[in-house]
Structure formats: C-alpha cells, structure tokens
$ cat upload_13.txt   # compact mmCIF, C-alpha atoms and all ligand atoms
# COMPACT_ATOMS: atom_id res chain seq x y z
CA MET G 3 42.86 66.95 72.73
CA SER G 4 44.97 63.85 72.22
CA ARG G 5 45.80 63.09 68.57
CA LEU G 6 46.54 59.57 67.33
CA LEU G 7 50.02 59.55 65.77
CA THR G 8 51.14 57.19 63.04
CA THR G 9 54.89 57.52 63.58
CA THR G 10 56.94 56.05 66.47
CA PRO G 11 58.47 57.75 69.51
CA ALA G 12 62.05 56.93 68.47
CA ALA G 13 61.48 58.32 64.97
CA ASP G 14 60.11 61.51 66.52
CA GLY G 15 62.96 61.89 69.04
CA PHE G 16 60.98 60.76 72.14
CA ARG G 17 62.15 58.38 74.91
CA MET G 18 60.67 56.93 78.08
CA PRO G 19 62.38 58.61 81.05
CA GLY G 20 63.59 56.62 84.06
CA GLU G 21 61.08 56.59 86.91
CA PHE G 22 63.73 58.33 89.05
CA GLU G 23 63.51 61.43 86.79
CA PRO G 24 61.11 64.21 87.92
CA HIS G 25 57.37 63.68 87.56
CA SER G 26 54.55 66.11 86.99
CA GLY G 27 52.06 63.68 88.49
CA CYS G 28 50.90 60.15 89.09
CA TRP G 29 47.74 58.19 88.17
CA LEU G 30 45.96 55.36 89.96
CA VAL G 31 42.67 53.52 89.33
CA TRP G 32 40.18 52.85 92.13
CA PRO G 33 39.72 49.10 92.91
CA GLU G 34 36.21 47.68 93.08
CA ARG G 35 35.75 44.29 91.44
CA PRO G 36 34.72 41.75 94.10
CA ASP G 37 36.18 38.75 92.23
CA ASN G 38 39.68 40.15 92.71
CA TRP G 39 39.46 42.25 95.90
CA ARG G 40 38.06 40.74 99.07
CA TRP G 41 35.02 42.08 100.89
CA GLY G 42 33.85 44.19 97.98
CA ALA G 43 37.27 45.87 97.71
CA LYS G 44 36.78 47.93 100.88
CA PRO G 45 40.15 46.93 102.46
CA ALA G 46 41.89 47.48 99.10
CA GLN G 47 40.27 50.91 98.72
CA ALA G 48 41.71 51.87 102.12
CA ALA G 49 45.17 50.74 101.00
CA TYR G 50 44.91 52.62 97.66
CA THR G 51 43.83 55.72 99.60
CA GLU G 52 46.96 55.48 101.76
CA VAL G 53 49.18 55.05 98.70
CA ALA G 54 47.55 58.01 96.92
CA THR G 55 47.88 60.16 100.04
CA ALA G 56 51.57 59.29 100.46
CA ILE G 57 52.37 60.04 96.80
CA ALA G 58 50.40 63.29 96.92
CA ARG G 59 53.00 64.58 99.40
CA SER G 60 55.42 64.52 96.51
CA GLU G 61 53.43 65.16 93.32
CA PRO G 62 49.85 65.69 92.05
CA VAL G 63 47.80 62.48 92.05
CA THR G 64 44.81 61.61 89.86
CA MET G 65 42.49 58.71 90.71
CA ALA G 66 40.43 57.24 87.86
CA VAL G 67 37.11 55.96 89.22
CA SER G 68 33.99 54.36 87.76
CA ASP G 69 30.62 56.11 87.83
CA VAL G 70 29.39 53.69 90.51
CA GLN G 71 32.24 54.45 92.93
CA PHE G 72 32.82 58.11 92.02
CA GLU G 73 31.01 59.72 94.92
CA HIS G 74 32.44 57.31 97.47
CA ALA G 75 36.01 57.73 96.20
CA ARG G 76 35.64 61.52 96.17
CA THR G 77 34.44 61.37 99.78
CA VAL G 78 37.22 59.19 101.17
CA LEU G 79 40.18 60.47 99.16
CA PRO G 80 41.93 63.60 100.41
CA PRO G 81 41.00 66.83 98.60
CA GLU G 82 44.42 67.16 96.98
CA VAL G 83 43.79 63.97 94.96
CA ARG G 84 42.00 64.74 91.68
CA VAL G 85 39.21 62.26 90.87
CA VAL G 86 38.10 61.66 87.25
CA GLU G 87 35.60 59.19 85.86
CA ILE G 88 37.10 56.55 83.57
CA SER G 89 35.73 53.05 83.00
CA THR G 90 38.16 50.16 83.51
CA ASP G 91 38.01 46.44 84.19
CA ASP G 92 40.29 46.53 87.23
CA ALA G 93 42.80 48.82 88.92
CA TRP G 94 46.30 48.22 87.49
CA ILE G 95 47.22 51.41 85.67
CA ARG G 96 50.90 50.47 85.44
CA ASP G 97 49.87 47.72 83.07
CA MET G 98 46.94 49.08 81.08
CA GLY G 99 47.70 52.80 81.30
CA PRO G 100 49.91 54.75 78.92
CA THR G 101 53.71 54.78 79.03
CA PHE G 102 54.76 58.43 78.78
CA VAL G 103 57.63 59.49 76.54
CA VAL G 104 59.37 62.89 76.33
CA ASP G 105 61.55 64.72 73.83
CA GLY G 106 63.60 66.89 76.20
CA LYS G 107 62.08 70.05 74.67
CA GLY G 108 58.87 70.09 76.70
CA GLY G 109 57.06 67.56 74.50
CA ARG G 110 55.21 64.73 76.25
CA ARG G 111 53.31 61.92 74.50
CA GLY G 112 51.94 58.52 75.46
CA VAL G 113 52.34 54.97 74.21
CA ASP G 114 49.09 53.00 74.27
CA TRP G 115 50.07 49.31 74.26
CA ARG G 116 47.66 46.55 73.35
CA PHE G 117 46.36 44.96 76.54
CA ASN G 118 45.03 41.40 76.96
CA ALA G 119 44.72 41.05 80.77
CA TRP G 120 48.09 39.31 81.19
CA GLY G 121 47.61 36.54 78.65
CA GLY G 122 44.23 36.77 76.96
CA LEU G 123 42.47 33.44 76.64
CA LEU G 124 45.76 31.60 77.36
CA GLY G 125 45.93 32.10 81.11
CA GLY G 126 44.84 35.75 81.28
CA LEU G 127 43.50 36.91 84.63
CA TYR G 128 40.00 38.01 83.65
CA PHE G 129 37.64 38.39 80.70
CA PRO G 130 36.66 40.75 79.16
CA TRP G 131 39.39 43.42 79.27
CA ASP G 132 38.18 45.86 76.60
CA ARG G 133 37.56 48.76 79.01
CA ASP G 134 41.13 48.41 80.29
CA ASP G 135 42.40 48.43 76.71
CA ARG G 136 40.59 51.72 76.01
CA ALA G 137 41.68 53.43 79.25
CA ALA G 138 45.15 54.63 78.14
CA ALA G 139 43.61 56.76 75.38
CA LYS G 140 41.30 58.39 77.96
CA VAL G 141 44.18 59.15 80.34
CA LEU G 142 46.05 60.75 77.44
CA GLU G 143 42.98 62.79 76.54
CA VAL G 144 42.83 64.15 80.11
CA GLU G 145 46.59 64.83 80.03
CA GLY G 146 46.36 66.49 76.60
CA ALA G 147 49.13 64.21 75.33
CA ASP G 148 49.23 62.78 71.81
CA ARG G 149 49.10 58.99 71.48
CA TYR G 150 51.05 56.26 69.76
CA ARG G 151 49.08 53.00 69.49
CA ALA G 152 51.79 50.33 69.72
CA PRO G 153 51.40 47.18 67.59
CA ILE G 154 52.21 44.73 70.42
CA VAL G 155 50.62 43.40 73.58
CA LEU G 156 52.59 44.75 76.52
CA GLU G 157 52.00 45.77 80.12
CA GLY G 158 53.91 48.70 81.61
CA GLY G 159 55.00 46.55 84.56
CA SER G 160 56.80 44.16 82.23
CA ILE G 161 59.51 46.69 81.35
CA HIS G 162 61.83 49.08 83.18
CA VAL G 163 64.10 51.64 81.51
CA ASP G 164 67.08 53.65 82.70
CA GLY G 165 66.11 56.64 80.52
CA GLU G 166 69.51 56.44 78.85
CA GLY G 167 68.86 53.75 76.26
CA THR G 168 68.52 50.55 78.33
CA VAL G 169 65.42 48.42 78.89
CA ILE G 170 65.17 45.35 81.14
CA ALA G 171 62.45 42.68 80.96
CA THR G 172 61.95 38.97 81.55
CA GLU G 173 61.78 36.24 78.94
CA GLU G 174 59.05 34.56 80.99
CA CYS G 175 56.72 37.46 80.26
CA LEU G 176 57.69 39.07 76.98
CA LEU G 177 58.38 35.80 75.17
CA ASN G 178 55.31 34.10 76.62
CA PRO G 179 53.14 32.71 73.77
CA ASN G 180 50.13 34.38 75.41
CA ARG G 181 51.37 37.90 74.54
CA ASN G 182 52.83 38.20 71.01
CA PRO G 183 53.20 34.64 69.67
CA GLU G 184 53.72 35.81 66.08
CA LEU G 185 56.81 37.86 66.97
CA SER G 186 60.40 36.67 67.48
CA ARG G 187 62.59 37.86 70.35
CA GLU G 188 64.39 40.19 67.90
CA GLU G 189 61.10 41.67 66.63
CA ILE G 190 59.92 42.31 70.18
CA GLU G 191 63.23 43.99 71.02
CA ARG G 192 63.04 46.14 67.89
CA THR G 193 59.48 47.21 68.67
CA LEU G 194 60.39 48.11 72.25
CA HIS G 195 63.29 50.23 71.05
CA GLU G 196 60.99 52.05 68.59
CA TYR G 197 58.35 52.78 71.24
CA LEU G 198 60.59 53.40 74.30
CA GLY G 199 63.44 55.20 72.53
CA THR G 200 65.90 52.58 73.83
CA GLU G 201 68.83 50.85 72.12
CA LYS G 202 69.85 48.01 74.38
CA MET G 203 67.78 45.26 75.96
CA VAL G 204 68.96 43.20 78.93
CA TRP G 205 66.94 40.01 79.23
CA LEU G 206 66.38 38.44 82.62
CA SER G 207 64.97 34.94 82.71
CA ARG G 208 62.05 34.68 85.15
CA GLY G 209 60.14 37.04 87.41
CA VAL G 210 59.21 36.49 91.05
CA PHE G 211 58.13 32.93 91.84
CA ASP G 212 54.45 32.30 91.11
CA ASP G 213 53.76 35.84 89.89
CA GLU G 214 50.40 35.75 88.10
CA THR G 215 51.61 38.36 85.59
CA ASP G 216 53.96 35.73 84.08
CA GLY G 217 56.98 37.34 85.65
CA HIS G 218 56.75 41.12 85.39
CA VAL G 219 60.15 42.68 85.86
CA ASP G 220 58.74 45.42 88.11
CA ASN G 221 58.27 42.87 90.89
CA LEU G 222 61.80 41.48 90.46
CA ALA G 223 64.15 44.37 89.67
CA CYS G 224 64.17 48.09 88.92
CA PHE G 225 66.57 50.91 88.13
CA ALA G 226 67.48 53.18 91.06
CA GLU G 227 69.51 55.27 88.58
CA PRO G 228 71.39 54.47 85.37
CA GLY G 229 73.85 51.68 86.14
CA LYS G 230 72.22 50.73 89.48
CA VAL G 231 69.56 48.01 89.76
CA LEU G 232 67.64 46.91 92.85
CA LEU G 233 66.91 43.16 92.85
CA THR G 234 64.67 41.12 95.13
CA TRP G 235 66.83 38.60 96.95
CA THR G 236 66.69 35.64 99.29
CA GLU G 237 69.55 33.79 101.00
CA ASP G 238 67.34 30.69 101.40
CA GLU G 239 68.65 28.16 98.88
CA GLY G 240 65.58 26.00 99.46
CA ASP G 241 63.25 28.75 98.25
CA PRO G 242 62.38 28.57 94.51
CA GLN G 243 63.01 32.35 94.44
CA TYR G 244 66.70 31.73 95.21
CA GLU G 245 67.69 30.45 91.77
CA ILE G 246 65.48 33.04 90.01
CA SER G 247 67.19 35.94 91.79
CA ALA G 248 70.65 34.37 91.53
CA ASP G 249 70.21 33.99 87.76
CA ALA G 250 69.03 37.60 87.43
CA ALA G 251 72.07 38.80 89.40
CA ARG G 252 74.40 36.75 87.19
CA ARG G 253 72.85 38.16 84.01
CA LEU G 254 72.93 41.75 85.27
CA GLU G 255 76.50 41.48 86.54
CA ALA G 256 77.65 40.03 83.22
CA ALA G 257 75.85 42.70 81.14
CA THR G 258 76.56 46.30 80.23
CA ASP G 259 73.97 48.99 79.57
CA ALA G 260 73.43 51.13 76.47
CA ARG G 261 76.24 53.47 77.56
CA GLY G 262 78.66 50.58 78.17
CA ARG G 263 78.43 50.76 82.00
CA SER G 264 78.43 47.64 84.20
CA PHE G 265 75.51 47.33 86.60
CA GLU G 266 75.78 47.67 90.35
CA VAL G 267 73.20 45.24 91.78
CA VAL G 268 71.66 46.19 95.16
CA ARG G 269 69.93 43.25 96.83
CA LEU G 270 66.63 43.88 98.65
CA PRO G 271 65.48 41.07 101.00
CA SER G 272 62.38 39.16 99.92
CA PRO G 273 59.47 39.31 102.36
CA GLY G 274 57.80 36.10 103.45
CA PRO G 275 57.13 33.64 101.88
CA ILE G 276 53.60 35.05 102.23
CA GLU G 277 50.52 32.91 101.65
CA ILE G 278 46.80 33.64 101.32
CA ALA G 279 45.00 33.02 104.62
CA ALA G 280 41.68 31.17 104.69
CA ASP G 281 39.69 34.25 105.76
CA GLU G 282 41.33 36.29 103.00
CA ALA G 283 40.41 33.76 100.32
CA ALA G 284 36.86 33.58 101.69
CA GLY G 285 36.28 37.28 101.01
CA VAL G 286 36.82 37.03 97.24
CA ASP G 287 33.84 36.24 94.99
CA ALA G 288 34.39 33.13 92.87
CA VAL G 289 33.74 33.94 89.19
CA GLU G 290 34.54 31.69 86.23
CA GLY G 291 37.35 33.09 84.10
CA THR G 292 38.96 35.00 86.98
CA LEU G 293 42.01 33.63 88.83
CA PRO G 294 40.77 31.88 91.98
CA ARG G 295 42.14 32.92 95.39
CA ARG G 296 42.86 29.74 97.37
CA PRO G 297 44.04 29.51 100.98
CA GLY G 298 47.71 28.53 101.18
CA ASP G 299 48.62 29.82 97.70
CA ARG G 300 51.89 31.76 97.74
CA LEU G 301 51.73 35.44 96.87
CA ALA G 302 54.41 37.09 94.74
CA ALA G 303 55.56 39.49 97.45
CA SER G 304 58.49 41.84 96.76
CA TYR G 305 59.77 45.13 98.15
CA VAL G 306 61.02 46.05 94.66
CA ASN G 307 57.41 46.83 93.77
CA PHE G 308 57.61 50.41 95.10
CA PHE G 309 56.77 53.76 93.51
CA LEU G 310 59.66 56.11 92.91
CA ALA G 311 58.01 59.52 93.30
CA THR G 312 59.86 62.77 92.69
CA ASN G 313 60.68 63.36 96.37
CA THR G 314 59.45 60.16 98.00
CA ILE G 315 59.73 56.39 97.80
CA VAL G 316 56.39 54.76 98.61
CA PHE G 317 57.15 51.12 99.38
CA PRO G 318 54.99 48.18 100.50
CA LEU G 319 55.08 47.05 104.15
CA LEU G 320 54.70 43.29 103.82
CA ASP G 321 56.53 41.42 106.56
CA GLU G 322 57.55 42.80 109.97
CA ARG G 323 60.68 40.63 109.91
CA HIS G 324 62.03 42.45 106.84
CA ASP G 325 60.22 45.82 106.51
CA ASP G 326 62.86 47.81 108.46
CA GLU G 327 65.79 46.32 106.57
CA ALA G 328 64.08 47.06 103.24
CA ALA G 329 63.40 50.66 104.35
CA GLU G 330 67.04 51.10 105.36
CA ILE G 331 68.34 49.84 102.00
CA LEU G 332 65.91 52.14 100.18
CA ARG G 333 67.06 55.11 102.32
CA THR G 334 70.69 54.38 101.48
CA THR G 335 69.89 53.92 97.80
CA PHE G 336 67.78 57.10 97.57
CA PRO G 337 69.39 59.48 100.09
CA THR G 338 67.53 62.57 98.83
CA ARG G 339 64.05 61.03 99.07
CA GLU G 340 61.75 60.43 102.02
CA VAL G 341 61.05 56.70 102.34
CA VAL G 342 57.43 56.00 103.29
CA GLY G 343 56.07 52.51 103.98
CA VAL G 344 52.39 51.75 103.38
CA ALA G 345 50.68 48.56 104.63
CA ALA G 346 50.20 46.75 101.35
CA ARG G 347 49.02 43.21 102.02
CA GLU G 348 45.60 44.08 100.60
CA ILE G 349 47.20 45.15 97.30
CA LEU G 350 49.32 42.00 97.27
CA LEU G 351 46.19 39.89 97.75
CA GLY G 352 44.88 41.36 94.49
CA GLY G 353 47.95 40.17 92.59
CA GLY G 354 50.43 43.04 92.56
CA ASN G 355 51.76 45.93 94.56
CA ILE G 356 52.38 49.67 94.72
CA HIS G 357 54.33 49.93 91.46
CA CYS G 358 51.62 47.97 89.63
CA ILE G 359 48.88 50.39 90.73
CA THR G 360 50.70 53.62 89.83
CA GLN G 361 51.73 55.34 86.60
CA GLN G 362 53.96 58.40 86.57
CA VAL G 363 53.60 61.36 84.23
CA PRO G 364 57.05 62.77 83.52
CA GLY G 365 57.82 66.40 84.28
CA GLU G 366 60.57 68.79 83.27
CA ARG G 367 64.20 67.99 84.09
O1 LIG B 401 50.94 44.16 87.61
C1 LIG B 401 50.33 43.42 88.30
N1 LIG B 401 50.95 42.78 89.26
C2 LIG B 401 48.90 43.20 88.04
C3 LIG B 401 48.38 41.89 88.39
C4 LIG B 401 46.94 41.77 88.01
C5 LIG B 401 46.25 40.91 88.96
C6 LIG B 401 44.82 40.71 88.64
N2 LIG B 401 44.30 39.80 89.56

$ encode --input "upload_13.txt" --output "structure tokens"
Amino acid sequence: MSRLLTTTPAADGFRMPGEFEPHSGCWLVWPERPDNWRWGAKPAQAAYTEVATAIARSEPVTMAVSDVQFEHARTVLPPEVRVVEISTDDAWIRDMGPTFVVDGKGGRRGVDWRFNAWGGLLGGLYFPWDRDDRAAAKVLEVEGADRYRAPIVLEGGSIHVDGEGTVIATEECLLNPNRNPELSREEIERTLHEYLGTEKMVWLSRGVFDDETDGHVDNLACFAEPGKVLLTWTEDEGDPQYEISADAARRLEAATDARGRSFEVVRLPSPGPIEIAADEAAGVDAVEGTLPRRPGDRLAASYVNFFLATNTIVFPLLDERHDDEAAEILRTTFPTREVVGVAAREILLGGGNIHCITQQVPGER
C-alpha cells in the first residue's frame, strides 16, 4: 500500500531525479472529454496510442482509463501497455499525477501536489477538478510508493529539475495569483526545495506565447543533462515568442546551477505559428467553464514538449518545415537515444503536448 507521510522528501533524503535518468516506467491517462478533445476524443486517442506505443519500446507503460472507456482502450492499445481503471477529469498526468522522488538506496516515493486545473476559479481550464486532484494518490497506490501531500498548488509541467539540486520554472506560472496567492516567491522556492530535494531555483520570466497553462516551463525549456538546457527558439523578431525566448536565454546564460556550472543553451526551432482551423474548432463541444476552442486562435506549439524515455526521445511532429531540423538537434543532443517523432497536432489542439501527457517513474541508476 501507499502510506501518507508527514515529513518532506528533503528531510528524508529524497530528490526528484532528472528526466534523463533511467526510468522503470511511464504513465499516461486516456483522453475522452468532448469539451477539450474534438470529435469525442477519437483523433486524440489515436495520438495517445501512438505515443504510448513509442514509449513502450523503451520502458513499461501504464494507461489510466475510466470505466466507460476501459474496454475500448484495452482493445486499441498494444498488449504491452498495462491498462488500469482510475477516474480523472482529463488526461494530463504530467500536471495532476505524482512527482516521483528517490533516495539513491532503492527508495521511491511520490509527491502529490494540490491541483486546481491550472488556475481554479481564476482562469482555470475546467471545473470541477476533484477527480484529477485525487488521481496522484491512486497512481502511488498502484506503484506501491508512499506519498507526500505537498501544501501548495503545483503542476508537474511547471517545473523541471536537473537531479543535482537545480529547479527551473517561470514566474508567469508559479507566481500567478491563481495558484498560491498567499505565498511569497521565497516561500514558494523554499517549498519546492523541500519537496523536490533541490537547493537552487532559476526563474525564467514567461512561458510559450499564449500557453493556456500560464506558461509551463516544460513547453519552453528542459534539461538535456545537468548544465545543458534545450530552449524553444525563433529568429522572427516580429513574433511575440522572440522576446520571451530571448529573455529566457539571457537569464539562463547569466545563471549558474546548484553545482556552480554555467548553462549551455541549445536552441530548438519553434514550429508554426500554428492556429486552430475552423473544422478543428467545430469538433469540440462548447461547455461553460471550459476554455473555448476558436478558429484562428494560436496554439502554444513547441518541440521542447517531448518525453525523455530511458532509451528513446518521443517528440511531437508539428510542422513539416521544422520537424526534421528539430529531430536532428535532438539526435545530436541525445546521441545514445533513438529519436522518434509522433504526429501530435491532436494533442496540441487539447492544450499541451507529449511531455504534458506523460509521467515517468524513476528506476535504478
Ligand atoms: O500541461 C498542459 N499543457 C496541460 C494543458 C491542459 C489543457 C486543458 N485544456
């Protein structure tokens, strides 16, 4: 069983490993809500199936599925993907699932953050979100990992760690009054260090332009290894993304990490700009309280939103003009991993991408 702990990971000698460290598995949640996924989520389910299949070449994959969709998911997913029934409100396990922490002696536990659907009643993306908020505890029960219930609202996609003491995040998200308005920047930093086992925070300003998560860092930048950060980048000075990425590069290049290293910043081209087409918007059910999908709205597309599996990089194919260049940069950055592209526009239409829909379970080093 999973016990609820009353201490903190740092106090117990646990830390969140970098995503580039070995995994023992990966979790996803099956998409189905028709007010977020067009045409009853059928195209999104096909995309999730491709992502799960690609990751399963590298590590065991578990898909959490509702009772209603269980039989269908079991039928269409490959046999190597484990399917378990867990109730959720949508399909973003990066954000509402647990963040796993390890102690380097074979111990593995999970942090269960408070979840308010990316902003609660102040711009959150749907209501209610209580099933999402309870899902991390259920994942930890299945994994047999003890649980820390963190005292702050946080989504897993709003932080990245290097596993050696450094955490990166954006001010746009973590300091947004719709997450933890009662806490100062210093209190948020302190809490993150207690629950991630980190010591140094590097603040970036804003996330990808028009990202409905309020600027999750996992769409903007990520660690390839300690000291090396991949950053979404555009050379188009007329694009609002230009100044966002330029500012992030300036901050990273001026900073040092917890071990005193400077960062090498690897620039990944931005796809697009990509907008919602009229027929895509038409397939989404309009429901009050859920973010509307309007034709012409820009989507927060980024190749940084990939999953770093133990032996594979599963990255989103988003724009034929840039997919090959992104793949080449990923191959150079991760020379020991197979780089696999998956058509991901359907996931993007739902508001995120491959990193947002996955959650790694760390393995042994
Ligand atoms: O991490 C993410 N990008 C999740 C976005 C949620 C979108 C809900 N429409």

$ atom_distance --input "upload_13.txt" --atom1 "atom CA of G:Thr215" --atom2 "atom CA of G:Ala248"
20.3 Å

$ residues_around --input "upload_13.txt" --residues "G:Gly365" --least-positions-apart "5" --cutoff "8 Å" --atoms "only C-alpha atoms" --output "short mmCIF file (atom, residue, chain, number, x, y, z; two decimals) with C-alpha atoms, in the coordinates of the input"
data_model
loop_
_atom_site.label_atom_id
_atom_site.label_comp_id
_atom_site.auth_asym_id
_atom_site.auth_seq_id
_atom_site.Cartn_x
_atom_site.Cartn_y
_atom_site.Cartn_z
CA GLU G 23 63.51 61.43 86.79
CA PRO G 24 61.11 64.21 87.92
CA HIS G 25 57.37 63.68 87.56
CA SER G 26 54.55 66.11 86.99
CA GLY G 27 52.06 63.68 88.49
#

$ residues_near_ligand --input "upload_13.txt" --ligand "ligand LIG 401 (chain B)" --cutoff "10 Å" --atoms "all atoms listed in the file" --output "CSV table (one decimal) with C-alpha atoms, in the frame of the given file"
chain,number,residue,atom,x,y,z
G,35,ARG,CA,35.8,44.3,91.4
G,37,ASP,CA,36.2,38.8,92.2
G,38,ASN,CA,39.7,40.2,92.7
G,39,TRP,CA,39.5,42.2,95.9
G,91,ASP,CA,38.0,46.4,84.2
G,92,ASP,CA,40.3,46.5,87.2
G,93,ALA,CA,42.8,48.8,88.9
G,94,TRP,CA,46.3,48.2,87.5
G,95,ILE,CA,47.2,51.4,85.7
G,96,ARG,CA,50.9,50.5,85.4
G,97,ASP,CA,49.9,47.7,83.1
G,98,MET,CA,46.9,49.1,81.1
G,119,ALA,CA,44.7,41.0,80.8
G,120,TRP,CA,48.1,39.3,81.2
G,126,GLY,CA,44.8,35.8,81.3
G,127,LEU,CA,43.5,36.9,84.6
G,128,TYR,CA,40.0,38.0,83.6
G,157,GLU,CA,52.0,45.8,80.1
G,158,GLY,CA,53.9,48.7,81.6
G,159,GLY,CA,55.0,46.6,84.6
G,160,SER,CA,56.8,44.2,82.2
G,213,ASP,CA,53.8,35.8,89.9
G,214,GLU,CA,50.4,35.8,88.1
G,215,THR,CA,51.6,38.4,85.6
G,216,ASP,CA,54.0,35.7,84.1
G,217,GLY,CA,57.0,37.3,85.6
G,218,HIS,CA,56.8,41.1,85.4
G,219,VAL,CA,60.2,42.7,85.9
G,220,ASP,CA,58.7,45.4,88.1
G,221,ASN,CA,58.3,42.9,90.9
G,292,THR,CA,39.0,35.0,87.0
G,293,LEU,CA,42.0,33.6,88.8
G,294,PRO,CA,40.8,31.9,92.0
G,295,ARG,CA,42.1,32.9,95.4
G,302,ALA,CA,54.4,37.1,94.7
G,303,ALA,CA,55.6,39.5,97.4
G,307,ASN,CA,57.4,46.8,93.8
G,349,ILE,CA,47.2,45.2,97.3
G,350,LEU,CA,49.3,42.0,97.3
G,351,LEU,CA,46.2,39.9,97.8
G,352,GLY,CA,44.9,41.4,94.5
G,353,GLY,CA,48.0,40.2,92.6
G,354,GLY,CA,50.4,43.0,92.6
G,355,ASN,CA,51.8,45.9,94.6
G,356,ILE,CA,52.4,49.7,94.7
G,357,HIS,CA,54.3,49.9,91.5
G,358,CYS,CA,51.6,48.0,89.6
G,359,ILE,CA,48.9,50.4,90.7
G,360,THR,CA,50.7,53.6,89.8

$ residues_around --input "upload_13.txt" --residues "G:Glu245" --least-positions-apart "4" --cutoff "12 Å" --atoms "only C-alpha atoms" --output "ChimeraX atom specification"
/G:207-211,234-241,249-252

$ closest_residue --input "upload_13.txt" --among "G:Leu79, G:Val53, G:Leu6, G:Ala280" --to "G:Ala152" --atoms "all atoms listed in the file"
G:Leu6

$ closest_atom_pairs --input "upload_13.txt" --of "stretch 54-98 of chain G" --to "stretch 322-340 of chain G" --cutoff "12 Å" --atoms "all atoms listed in the file" --output "tab-separated table"
residue	atom	partner	partner_atom	distance
G:Ala56	CA	G:Glu340	CA	10.4
G:Ile57	CA	G:Glu340	CA	10.7
G:Arg59	CA	G:Glu340	CA	10.0
G:Ser60	CA	G:Glu340	CA	9.3

$ write_last_selection --input "upload_13.txt" --atoms "C-alpha atoms" --output "mmCIF file, keeping the file's coordinate frame"
data_model
loop_
_atom_site.group_PDB
_atom_site.id
_atom_site.type_symbol
_atom_site.label_atom_id
_atom_site.label_comp_id
_atom_site.auth_asym_id
_atom_site.auth_seq_id
_atom_site.Cartn_x
_atom_site.Cartn_y
_atom_site.Cartn_z
ATOM 1 C CA ALA G 56 51.570 59.290 100.460
ATOM 2 C CA ILE G 57 52.370 60.040 96.800
ATOM 3 C CA ARG G 59 53.000 64.580 99.400
ATOM 4 C CA SER G 60 55.420 64.520 96.510
#

$ atom_distance --input "upload_13.txt" --atom1 "atom CA of G:Asn182" --atom2 "atom CA of G:Ile161"
15.0 Å

$ closest_residue --input "upload_13.txt" --among "G:Ala54, G:Cys224, G:Val144, G:Val169" --to "G:Asp259" --atoms "all atoms listed in the file"
G:Val169

$ closest_residue --input "upload_13.txt" --among "G:Gly108, G:Gly285, G:Pro11, G:Gly274" --to "G:Tyr150" --atoms "all atoms listed in the file"
G:Pro11

$ atom_distance --input "upload_13.txt" --atom1 "atom CA of G:Pro364" --atom2 "atom CA of G:Lys230"
20.3 Å

$ closest_residue --input "upload_13.txt" --among "G:Val344, G:Val103, G:Ile246, G:Val231" --to "G:Glu196" --atoms "all atoms listed in the file"
G:Val103

$ axis_aligned_box --input "upload_13.txt" --around "stretch 292-297 of chain G" --padding-each-side "4 Å" --output "AutoDock Vina command-line options"
--center_x 41.5 --center_y 32.3 --center_z 94.0 --size_x 13.1 --size_y 13.5 --size_z 22.0

$ decode --input "upload_13.txt" --residues "stretch 305-362 of chain G" --atoms "C-alpha atoms" --output "short mmCIF file (atom, residue, chain, number, x, y, z; two decimals), in the first residue's frame"
data_model
loop_
_atom_site.label_atom_id
_atom_site.label_comp_id
_atom_site.auth_asym_id
_atom_site.auth_seq_id
_atom_site.Cartn_x
_atom_site.Cartn_y
_atom_site.Cartn_z
CA TYR G 305 9.26 20.82 -29.82
CA VAL G 306 10.62 21.11 -26.26
CA ASN G 307 7.47 19.32 -25.11
CA PHE G 308 8.95 15.84 -25.71
CA PHE G 309 9.26 12.79 -23.45
CA LEU G 310 12.76 11.76 -22.50
CA ALA G 311 12.40 7.99 -22.14
CA THR G 312 15.24 5.77 -20.96
CA ASN G 313 16.36 4.78 -24.48
CA THR G 314 14.16 6.97 -26.67
CA ILE G 315 13.11 10.56 -27.24
CA VAL G 316 9.44 10.74 -28.24
CA PHE G 317 8.93 14.19 -29.74
CA PRO G 318 5.92 15.91 -31.35
CA LEU G 319 5.75 16.24 -35.15
CA LEU G 320 4.09 19.63 -35.57
CA ASP G 321 5.26 21.43 -38.68
CA GLU G 322 6.82 19.85 -41.78
CA ARG G 323 9.00 22.93 -42.26
CA HIS G 324 10.79 22.34 -38.93
CA ASP G 325 10.24 18.69 -37.88
CA ASP G 326 13.47 17.39 -39.49
CA GLU G 327 15.63 20.15 -38.03
CA ALA G 328 14.16 19.53 -34.56
CA ALA G 329 14.82 15.79 -34.91
CA GLU G 330 18.42 16.44 -35.94
CA ILE G 331 19.07 18.72 -32.94
CA LEU G 332 17.52 16.12 -30.62
CA ARG G 333 19.71 13.38 -32.16
CA THR G 334 22.83 15.47 -31.61
CA THR G 335 21.78 16.34 -28.06
CA PHE G 336 20.89 12.74 -27.14
CA PRO G 337 23.32 10.62 -29.18
CA THR G 338 22.60 7.39 -27.27
CA ARG G 339 18.81 7.55 -27.70
CA GLU G 340 16.56 6.71 -30.63
CA VAL G 341 14.63 9.84 -31.67
CA VAL G 342 11.02 9.03 -32.61
CA GLY G 343 8.57 11.62 -33.93
CA VAL G 344 4.83 11.16 -33.38
CA ALA G 345 2.17 13.24 -35.18
CA ALA G 346 0.97 15.39 -32.30
CA ARG G 347 -1.33 18.09 -33.63
CA GLU G 348 -4.29 16.39 -31.95
CA ILE G 349 -2.55 16.62 -28.56
CA LEU G 350 -1.65 20.25 -29.22
CA LEU G 351 -5.30 21.01 -30.01
CA GLY G 352 -6.15 19.85 -26.48
CA GLY G 353 -3.75 22.38 -24.96
CA GLY G 354 -0.43 20.61 -24.45
CA ASN G 355 1.89 18.03 -25.87
CA ILE G 356 3.78 14.78 -25.31
CA HIS G 357 5.57 15.87 -22.13
CA CYS G 358 2.28 17.08 -20.63
CA ILE G 359 0.59 13.70 -21.14
CA THR G 360 3.38 11.54 -19.67
CA GLN G 361 4.82 10.97 -16.20
CA GLN G 362 7.97 8.94 -15.64
#
